[in-house]
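Peer 1: This is final-v8.csv (CSV, C-alpha atoms and all ligand atoms).
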chain,number,residue,atom,x,y,z
A,25,MET,CA,-0.4,-2.8,-47.3
A,26,THR,CA,1.9,-2.2,-44.3
A,27,ARG,CA,0.1,-1.3,-41.0
A,28,ARG,CA,1.2,1.9,-39.3
A,29,LYS,CA,3.1,1.1,-36.0
A,30,PRO,CA,1.3,2.7,-33.0
A,31,LEU,CA,3.1,5.7,-31.6
A,32,PRO,CA,4.5,5.5,-28.1
A,33,LEU,CA,1.9,6.7,-25.6
A,34,ALA,CA,3.6,10.1,-24.7
A,35,ARG,CA,4.0,11.0,-28.4
A,36,ALA,CA,0.5,10.0,-29.3
A,37,LEU,CA,-0.9,12.1,-26.5
A,38,GLU,CA,1.2,15.0,-27.5
A,39,GLU,CA,0.0,14.9,-31.1
A,40,HIS,CA,-3.6,14.5,-29.8
A,41,ALA,CA,-3.2,17.5,-27.5
A,42,GLU,CA,-1.9,19.7,-30.3
A,43,ALA,CA,-4.8,18.9,-32.5
A,44,LEU,CA,-7.3,19.3,-29.7
A,45,LEU,CA,-5.9,22.8,-28.7
A,46,ALA,CA,-6.5,23.9,-32.3
A,47,CYS,CA,-10.1,22.7,-32.3
A,48,ARG,CA,-12.7,25.4,-33.1
A,49,LYS,CA,-15.6,23.2,-34.2
A,50,CYS,CA,-18.2,24.9,-31.9
A,51,VAL,CA,-19.4,28.4,-32.0
A,52,LEU,CA,-18.5,29.7,-28.6
A,53,SER,CA,-17.7,33.1,-27.0
A,54,PRO,CA,-14.6,34.8,-28.4
A,55,GLY,CA,-11.4,33.7,-26.6
A,56,ILE,CA,-12.8,30.3,-25.4
A,57,ARG,CA,-10.2,27.6,-26.0
A,58,PRO,CA,-10.1,23.9,-25.3
A,59,VAL,CA,-8.8,22.8,-21.9
A,60,THR,CA,-6.3,20.0,-22.1
A,61,THR,CA,-4.6,17.7,-19.6
A,62,ALA,CA,-0.8,17.7,-19.1
A,63,THR,CA,0.0,14.1,-18.3
A,64,ARG,CA,1.7,11.9,-20.9
A,65,THR,CA,2.1,8.9,-18.6
A,66,PRO,CA,-1.5,8.0,-17.5
A,67,ILE,CA,-2.4,4.7,-16.1
A,68,ALA,CA,-6.1,5.3,-16.3
A,69,MET,CA,-8.7,8.1,-17.1
A,70,LEU,CA,-11.0,10.4,-15.3
A,71,VAL,CA,-13.8,12.0,-17.4
A,72,GLY,CA,-15.6,15.1,-16.3
A,73,GLN,CA,-18.4,17.1,-17.8
A,74,ALA,CA,-17.1,20.4,-19.2
A,75,PRO,CA,-14.6,23.1,-18.0
A,76,GLY,CA,-15.9,26.0,-15.9
A,77,GLN,CA,-14.7,29.5,-15.8
A,78,MET,CA,-11.7,28.8,-13.6
A,79,GLU,CA,-10.6,25.9,-15.8
A,80,GLN,CA,-10.9,28.1,-18.9
A,81,ALA,CA,-8.8,30.9,-17.2
A,82,GLY,CA,-6.1,28.6,-15.9
A,83,GLY,CA,-6.1,26.1,-18.8
A,84,ARG,CA,-6.3,23.0,-16.7
A,85,PRO,CA,-9.1,20.8,-15.7
A,86,PHE,CA,-10.8,20.7,-12.2
A,87,ALA,CA,-9.0,23.9,-11.1
A,88,GLY,CA,-12.0,25.4,-9.3
A,89,ARG,CA,-14.1,24.7,-6.2
A,90,ALA,CA,-15.5,21.4,-7.6
A,91,GLY,CA,-11.9,20.3,-8.3
A,92,LYS,CA,-11.0,21.0,-4.7
A,93,THR,CA,-13.7,18.6,-3.5
A,94,LEU,CA,-12.8,16.1,-6.2
A,95,PHE,CA,-9.1,16.0,-5.1
A,96,GLN,CA,-10.2,15.6,-1.5
A,97,TRP,CA,-12.2,12.5,-2.6
A,98,LEU,CA,-9.2,11.2,-4.6
A,99,ALA,CA,-6.9,11.7,-1.5
A,100,GLN,CA,-9.3,9.3,0.3
A,101,ALA,CA,-8.6,6.8,-2.5
A,102,GLY,CA,-4.9,7.3,-2.0
A,103,LEU,CA,-3.9,10.0,-4.5
A,104,ASP,CA,-2.7,13.5,-3.8
A,105,GLU,CA,-3.6,16.1,-6.4
A,106,GLN,CA,-0.3,16.1,-8.2
A,107,THR,CA,-0.1,12.4,-8.4
A,108,ALA,CA,-3.7,12.3,-9.6
A,109,ARG,CA,-2.9,14.8,-12.3
A,110,ASP,CA,0.2,12.8,-13.3
A,111,ARG,CA,-1.3,9.4,-13.4
A,112,LEU,CA,-5.0,10.0,-14.4
A,113,TYR,CA,-5.7,11.5,-17.9
A,114,ILE,CA,-8.4,14.0,-17.1
A,115,ALA,CA,-10.7,14.2,-20.1
A,116,ALA,CA,-14.3,15.6,-20.3
A,117,ILE,CA,-17.4,15.3,-22.4
A,118,THR,CA,-16.7,18.7,-23.9
A,119,ARG,CA,-13.4,20.6,-23.6
A,120,CYS,CA,-14.4,24.3,-23.9
A,121,TYR,CA,-16.2,26.4,-21.3
A,122,PRO,CA,-19.8,26.5,-22.5
A,123,GLY,CA,-20.5,29.8,-20.8
A,124,PRO,CA,-22.9,30.7,-18.0
A,125,HIS,CA,-26.4,29.2,-17.7
A,126,PRO,CA,-29.1,31.6,-19.0
A,127,SER,CA,-30.6,31.6,-15.5
A,128,GLY,CA,-27.4,33.1,-14.2
A,129,ARG,CA,-26.9,30.1,-11.9
A,130,GLY,CA,-23.9,28.0,-12.7
A,131,ASP,CA,-22.7,27.0,-16.2
A,132,ARG,CA,-24.7,26.1,-19.3
A,133,VAL,CA,-24.9,22.4,-19.9
A,134,PRO,CA,-23.2,21.6,-23.2
A,135,THR,CA,-25.7,21.0,-26.0
A,136,LEU,CA,-26.2,17.6,-27.6
A,137,GLY,CA,-24.4,19.0,-30.8
A,138,GLU,CA,-21.4,20.1,-28.7
A,139,ARG,CA,-21.2,16.8,-26.9
A,140,LYS,CA,-21.4,14.9,-30.2
A,141,ARG,CA,-18.7,17.0,-31.9
A,142,CYS,CA,-16.4,16.9,-28.9
A,143,GLY,CA,-17.0,13.1,-28.5
A,144,ASP,CA,-14.4,12.4,-31.2
A,145,TRP,CA,-11.6,13.7,-28.9
A,146,LEU,CA,-12.6,11.4,-26.1
A,147,ALA,CA,-12.9,8.4,-28.5
A,148,ASN,CA,-9.4,9.1,-29.7
A,149,GLU,CA,-8.1,9.3,-26.2
A,150,LEU,CA,-9.7,5.9,-25.3
A,151,ARG,CA,-8.0,4.4,-28.4
A,152,ILE,CA,-4.6,5.8,-27.5
A,153,ILE,CA,-4.7,5.1,-23.7
A,154,ARG,CA,-6.8,1.9,-23.6
A,155,PRO,CA,-7.4,2.5,-19.9
A,156,PRO,CA,-7.9,-0.5,-17.6
A,157,PHE,CA,-10.3,1.7,-15.6
A,158,ILE,CA,-12.1,4.9,-16.1
A,159,VAL,CA,-13.6,7.3,-13.5
A,160,PRO,CA,-16.6,9.2,-14.9
A,161,VAL,CA,-17.5,12.2,-12.8
A,162,GLY,CA,-21.0,13.4,-12.9
A,163,ARG,CA,-24.2,12.7,-14.8
A,164,LEU,CA,-23.0,13.5,-18.4
A,165,ALA,CA,-19.8,11.5,-18.0
A,166,ILE,CA,-21.6,8.5,-16.4
A,167,ASP,CA,-24.3,8.5,-19.2
A,168,ARG,CA,-21.5,8.4,-21.8
A,169,PHE,CA,-20.3,5.1,-20.5
A,170,LEU,CA,-23.3,3.5,-18.8
A,171,GLY,CA,-26.3,5.1,-20.5
A,172,PRO,CA,-29.0,6.7,-18.5
A,173,MET,CA,-29.2,5.0,-15.1
A,174,PRO,CA,-30.1,6.2,-11.6
A,175,LEU,CA,-27.0,7.5,-9.8
A,176,ASP,CA,-27.9,5.1,-6.9
A,177,GLU,CA,-27.3,2.2,-9.3
A,178,ALA,CA,-24.2,3.7,-10.9
A,179,VAL,CA,-22.2,5.0,-8.0
A,180,GLY,CA,-20.7,2.5,-5.4
A,181,ARG,CA,-20.0,-0.3,-7.8
A,182,GLU,CA,-17.8,-1.3,-10.8
A,183,HIS,CA,-19.2,-1.7,-14.3
A,184,GLN,CA,-17.4,-3.4,-17.2
A,185,VAL,CA,-18.0,-1.6,-20.5
A,186,GLU,CA,-16.8,-1.9,-24.1
A,187,HIS,CA,-15.8,1.3,-25.9
A,188,GLU,CA,-13.6,2.6,-28.8
A,189,GLY,CA,-10.4,1.7,-26.9
A,190,GLY,CA,-11.5,-1.8,-25.8
A,191,SER,CA,-12.9,-2.8,-22.5
A,192,SER,CA,-12.6,-0.9,-19.1
A,193,VAL,CA,-13.9,-1.1,-15.6
A,194,ILE,CA,-16.0,2.0,-14.9
A,195,ILE,CA,-16.0,3.5,-11.3
A,196,PRO,CA,-18.5,6.3,-11.3
A,197,LEU,CA,-18.4,9.3,-9.0
A,198,PRO,CA,-21.1,12.0,-8.5
A,199,HIS,CA,-20.3,15.5,-9.6
A,200,PRO,CA,-18.4,17.3,-6.8
A,201,SER,CA,-19.8,20.8,-7.6
A,202,GLY,CA,-22.5,20.4,-4.8
A,203,ALA,CA,-25.1,21.7,-7.3
A,204,SER,CA,-27.1,18.5,-6.9
A,205,SER,CA,-28.5,17.5,-3.5
A,206,TRP,CA,-27.9,13.8,-4.2
A,207,ILE,CA,-24.6,13.8,-2.5
A,208,HIS,CA,-26.0,15.1,0.8
A,209,ALA,CA,-28.1,12.0,1.7
A,210,PRO,CA,-26.2,9.7,4.1
A,211,GLU,CA,-26.9,6.6,2.0
A,212,HIS,CA,-25.4,8.4,-1.1
A,213,LYS,CA,-22.3,9.4,0.9
A,214,ALA,CA,-21.9,5.7,1.6
A,215,LEU,CA,-22.1,4.9,-2.1
A,216,LEU,CA,-19.5,7.6,-2.8
A,217,ASN,CA,-17.2,6.1,-0.1
A,218,ARG,CA,-17.7,2.7,-1.7
A,219,SER,CA,-16.6,4.0,-5.1
A,220,LEU,CA,-13.5,5.6,-3.6
A,221,GLU,CA,-12.6,2.3,-1.9
A,222,LEU,CA,-13.0,0.5,-5.2
A,223,LEU,CA,-10.8,3.1,-6.8
A,224,ARG,CA,-8.2,2.7,-4.0
A,225,LYS,CA,-8.0,-1.0,-4.6
A,226,ARG,CA,-7.5,-0.5,-8.4
A,227,LEU,CA,-4.7,2.0,-7.6
A,228,VAL,CA,-3.0,-0.3,-5.1
A,229,ALA,CA,-3.1,-3.1,-7.8
A,230,LYS,CA,-1.3,-0.7,-10.2
A,231,ARG,CA,1.1,0.3,-7.3
A,232,VAL,CA,0.0,3.9,-7.6
A,233,ARG,CA,-0.6,5.6,-4.2
A,234,SER,CA,0.7,8.8,-2.7
A,235,VAL,CA,-1.5,9.2,0.4
A,236,ALA,CA,-1.5,6.5,3.1
A,301,LIG,S1,-16.2,21.9,-27.3
A,301,LIG,FE1,-14.9,20.3,-28.2
A,301,LIG,S2,-15.6,20.2,-30.4
A,301,LIG,FE2,-16.3,22.1,-29.6
A,301,LIG,S3,-14.7,23.6,-30.1
A,301,LIG,FE3,-14.3,22.9,-28.0
A,301,LIG,S4,-12.9,21.2,-28.3
A,301,LIG,FE4,-13.8,21.6,-30.3
Turn this file's structure into structure tokens for me.
Peer 2:
Amino acid sequence: MTRRKPLPLARALEEHAEALLACRKCVLSPGIRPVTTATRTPIAMLVGQAPGQMEQAGGRPFAGRAGKTLFQWLAQAGLDEQTARDRLYIAAITRCYPGPHPSGRGDRVPTLGERKRCGDWLANELRIIRPPFIVPVGRLAIDRFLGPMPLDEAVGREHQVEHEGGSSVIIPLPHPSGASSWIHAPEHKALLNRSLELLRKRLVAKRVRSVA
């Protein structure tokens, strides 16, 4: 039997995005559609939790207030927003806006079922991109790669993990929404800065920087 030759990266990501956009595996509010990322030339991946209302409305990840903070952090690591969007494939644990939290504060956390169903998309992206490093942003994304672990032990260092696409260095970041008070402690800010410095070094090694 002849083995199918792997598709070039851009074409494989295009086919993947078309299939993902058509996904309706979860029962969500009418009109909710998966949010995808535009880049077809990524050098690594960034994985968030789930799109919010702004992302759903605009059809692109990290388009709201949390995204503004995230891109400020990435600028500290040497990437302006456009370069970050061009060179980092922005994935998420789930790709559709889950709706508001029943308490009325913030967004609903995706259910285990939604996370499991949506996980196939992330697994496929890992197989296509085979990223040398991955930046999980926030608790759900960090758990996906490192398992449950205190944020203090996850953020501020690199972790080597095996996954569907091979082996990658994981550089965790806390969630930039500000919903958690974790980020406000000075020792945790120091851990965040250490993660951003580790990311900066990885980007320099790949010759990808846009902010001095
Ligand atoms: S959350 Fe994921 S699995 Fe569920 S419908 Fe959206 S894209 Fe499909």
Peer 1: At a cut-off of 7 Å, using all atoms listed in the file, what residues contact stretch 93-100 of chain A? Leave out same-chain residues fewer than 5 positions from it and give the result as a VMD selection string.
Peer 2: chain A and resid 105 200 220 235
Peer 1: Only C-alpha atoms, please: the residues just picked out, written as a compact mmCIF listing (two decimals), in the coordinates of the input.
Peer 2:
# COMPACT_ATOMS: atom_id res chain seq x y z
CA GLU A 105 -3.60 16.10 -6.40
CA PRO A 200 -18.40 17.30 -6.80
CA LEU A 220 -13.50 5.60 -3.60
CA VAL A 235 -1.50 9.20 0.40
Peer 1: What are the closest atom pairs, with distances in Å to one decimal, for all residues of chain A lying within 6 Å of ligand LIG 301 (chain A)? Consider only C-alpha atoms and all ligand atoms, order rows by chain and residue number, and present the result as CSV.
Peer 2:
residue,atom,partner,partner_atom,distance
A:Cys47,CA,A:LIG301,FE4,4.3
A:Arg48,CA,A:LIG301,S3,4.0
A:Lys49,CA,A:LIG301,S3,4.2
A:Cys50,CA,A:LIG301,FE2,4.1
A:Pro58,CA,A:LIG301,S4,4.9
A:Thr118,CA,A:LIG301,S1,4.7
A:Arg119,CA,A:LIG301,S4,4.8
A:Cys120,CA,A:LIG301,FE3,4.3
A:Glu138,CA,A:LIG301,FE2,5.6
A:Arg141,CA,A:LIG301,S2,4.7
A:Cys142,CA,A:LIG301,S2,3.7
Peer 1: A:Asn217: which residues within 10 Å, counting only C-alpha atoms, same-chain residues fewer than 5 positions away excluded, as a list in words?
Peer 2: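 The residues satisfying every condition are Trp97, Gln100, Ala101, Val179, Gly180, Leu197, Glu211, His212, Leu222 and Leu223 of chain A.
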Peer 1: What separation in Å, quoted to one decimal, exists between atom CA of A:Ala90 and atom CA of A:Arg154?
Peer 2: 26.7 Å
Peer 1: For atom CA of A:Ile166 and atom CA of A:Val71, determine how far apart the two atoms are, in Å to one decimal place.
Peer 2: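 Computing it gives 8.6 Å between the two atoms.
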Peer 1: List the spatial neighbours of A:Glu186 as an mmCIF file with C-alpha atoms, in the frame of the given file - criterion: any atom at most 10 Å away, only C-alpha atoms, same-chain residues fewer than 5 positions off excluded.
Peer 2:
data_model
loop_
_atom_site.group_PDB
_atom_site.id
_atom_site.type_symbol
_atom_site.label_atom_id
_atom_site.label_comp_id
_atom_site.auth_asym_id
_atom_site.auth_seq_id
_atom_site.Cartn_x
_atom_site.Cartn_y
_atom_site.Cartn_z
ATOM 1 C CA PHE A 169 -20.300 5.100 -20.500
ATOM 2 C CA LEU A 170 -23.300 3.500 -18.800
ATOM 3 C CA SER A 191 -12.900 -2.800 -22.500
ATOM 4 C CA SER A 192 -12.600 -0.900 -19.100
ATOM 5 C CA VAL A 193 -13.900 -1.100 -15.600
#
Peer 1: With distances taken over only C-alpha atoms, which of A:Pro156, A:Arg84, A:Ile195, A:Trp206 is nearest to A:Pro174?
Peer 2: A:Trp206
Peer 1: Need to verify the contact set: A:Pro134, 12 Å, only C-alpha atoms, exclusion of same-chain residues closer than 6 positions in sequence. Can you return it as a VMD selection string?
Peer 2: chain A and resid 50 to 52 73 to 76 116 to 125 140 to 143 164 to 165
Peer 1: Kindly indicate which residue among A:Leu175, A:Gln184, A:Ser219, A:Pro155 lies nearest to A:Ser205, using all atoms listed in the file for the distances.
Peer 2: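 Using all atoms listed in the file, A:Ser205 sits closest to A:Leu175.
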Peer 1: Record the distance separating atom CA of A:Asp110 and atom CA of A:Thr61, expressed in Å with one decimal.
Peer 2: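 Computing the Euclidean distance for atom CA of A:Asp110 and atom CA of A:Thr61 yields 9.3 Å.
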Peer 1: Could you add whatever atoms are missing so that stretch 140-167 of chain A carries N, CA and C atoms, then write the result as an mmCIF file, keeping the file's coordinate frame?
Peer 2:
data_model
loop_
_atom_site.group_PDB
_atom_site.id
_atom_site.type_symbol
_atom_site.label_atom_id
_atom_site.label_comp_id
_atom_site.auth_asym_id
_atom_site.auth_seq_id
_atom_site.Cartn_x
_atom_site.Cartn_y
_atom_site.Cartn_z
ATOM 1 N N LYS A 140 -21.662 15.823 -29.092
ATOM 2 C CA LYS A 140 -21.400 14.900 -30.200
ATOM 3 C C LYS A 140 -20.091 15.282 -30.909
ATOM 4 N N ARG A 141 -19.960 16.592 -31.213
ATOM 5 C CA ARG A 141 -18.700 17.000 -31.900
ATOM 6 C C ARG A 141 -17.507 16.744 -31.060
ATOM 7 N N CYS A 142 -17.603 16.990 -29.757
ATOM 8 C CA CYS A 142 -16.400 16.900 -28.900
ATOM 9 C C CYS A 142 -16.131 15.374 -28.592
ATOM 10 N N GLY A 143 -17.125 14.526 -28.807
ATOM 11 C CA GLY A 143 -17.000 13.100 -28.500
ATOM 12 C C GLY A 143 -15.814 12.440 -29.244
ATOM 13 N N ASP A 144 -15.491 12.989 -30.418
ATOM 14 C CA ASP A 144 -14.400 12.400 -31.200
ATOM 15 C C ASP A 144 -13.068 12.473 -30.444
ATOM 16 N N TRP A 145 -12.894 13.550 -29.674
ATOM 17 C CA TRP A 145 -11.600 13.700 -28.900
ATOM 18 C C TRP A 145 -11.525 12.614 -27.841
ATOM 19 N N LEU A 146 -12.639 12.397 -27.149
ATOM 20 C CA LEU A 146 -12.600 11.400 -26.100
ATOM 21 C C LEU A 146 -12.431 9.986 -26.709
ATOM 22 N N ALA A 147 -13.092 9.738 -27.833
ATOM 23 C CA ALA A 147 -12.900 8.400 -28.500
ATOM 24 C C ALA A 147 -11.475 8.186 -28.851
ATOM 25 N N ASN A 148 -10.811 9.231 -29.346
ATOM 26 C CA ASN A 148 -9.400 9.100 -29.700
ATOM 27 C C ASN A 148 -8.531 8.815 -28.502
ATOM 28 N N GLU A 149 -8.829 9.490 -27.396
ATOM 29 C CA GLU A 149 -8.100 9.300 -26.200
ATOM 30 C C GLU A 149 -8.242 7.829 -25.662
ATOM 31 N N LEU A 150 -9.468 7.327 -25.768
ATOM 32 C CA LEU A 150 -9.700 5.900 -25.300
ATOM 33 C C LEU A 150 -8.899 4.976 -26.202
ATOM 34 N N ARG A 151 -8.811 5.268 -27.510
ATOM 35 C CA ARG A 151 -8.000 4.400 -28.400
ATOM 36 C C ARG A 151 -6.550 4.473 -28.088
ATOM 37 N N ILE A 152 -6.063 5.675 -27.734
ATOM 38 C CA ILE A 152 -4.600 5.800 -27.500
ATOM 39 C C ILE A 152 -4.265 5.200 -26.113
ATOM 40 N N ILE A 153 -5.055 5.506 -25.078
ATOM 41 C CA ILE A 153 -4.700 5.100 -23.700
ATOM 42 C C ILE A 153 -5.103 3.677 -23.388
ATOM 43 N N ARG A 154 -6.205 3.233 -23.958
ATOM 44 C CA ARG A 154 -6.800 1.900 -23.600
ATOM 45 C C ARG A 154 -6.771 1.691 -22.125
ATOM 46 N N PRO A 155 -7.471 2.549 -21.400
ATOM 47 C CA PRO A 155 -7.400 2.500 -19.900
ATOM 48 C C PRO A 155 -7.983 1.278 -19.310
ATOM 49 N N PRO A 156 -7.318 0.682 -18.325
ATOM 50 C CA PRO A 156 -7.900 -0.500 -17.600
ATOM 51 C C PRO A 156 -9.130 -0.056 -16.824
ATOM 52 N N PHE A 157 -9.103 1.169 -16.296
ATOM 53 C CA PHE A 157 -10.300 1.700 -15.600
ATOM 54 C C PHE A 157 -10.477 3.161 -15.866
ATOM 55 N N ILE A 158 -11.734 3.565 -15.757
ATOM 56 C CA ILE A 158 -12.100 4.900 -16.100
ATOM 57 C C ILE A 158 -13.035 5.428 -14.925
ATOM 58 N N VAL A 159 -12.810 6.671 -14.497
ATOM 59 C CA VAL A 159 -13.600 7.300 -13.500
ATOM 60 C C VAL A 159 -14.482 8.379 -14.087
ATOM 61 N N PRO A 160 -15.734 8.109 -14.442
ATOM 62 C CA PRO A 160 -16.600 9.200 -14.900
ATOM 63 C C PRO A 160 -17.132 9.993 -13.751
ATOM 64 N N VAL A 161 -17.068 11.318 -13.864
ATOM 65 C CA VAL A 161 -17.500 12.200 -12.800
ATOM 66 C C VAL A 161 -18.697 12.995 -13.179
ATOM 67 N N GLY A 162 -19.822 12.696 -12.558
ATOM 68 C CA GLY A 162 -21.000 13.400 -12.900
ATOM 69 C C GLY A 162 -21.894 12.802 -13.925
ATOM 70 N N ARG A 163 -23.133 13.294 -13.978
ATOM 71 C CA ARG A 163 -24.200 12.700 -14.800
ATOM 72 C C ARG A 163 -23.800 12.500 -16.277
ATOM 73 N N LEU A 164 -23.314 13.575 -16.939
ATOM 74 C CA LEU A 164 -23.000 13.500 -18.400
ATOM 75 C C LEU A 164 -21.971 12.425 -18.658
ATOM 76 N N ALA A 165 -20.944 12.408 -17.826
ATOM 77 C CA ALA A 165 -19.800 11.500 -18.000
ATOM 78 C C ALA A 165 -20.308 10.025 -17.750
ATOM 79 N N ILE A 166 -21.116 9.869 -16.708
ATOM 80 C CA ILE A 166 -21.600 8.500 -16.400
ATOM 81 C C ILE A 166 -22.505 8.019 -17.519
ATOM 82 N N ASP A 167 -23.392 8.898 -18.031
ATOM 83 C CA ASP A 167 -24.300 8.500 -19.200
ATOM 84 C C ASP A 167 -23.454 8.077 -20.364
#
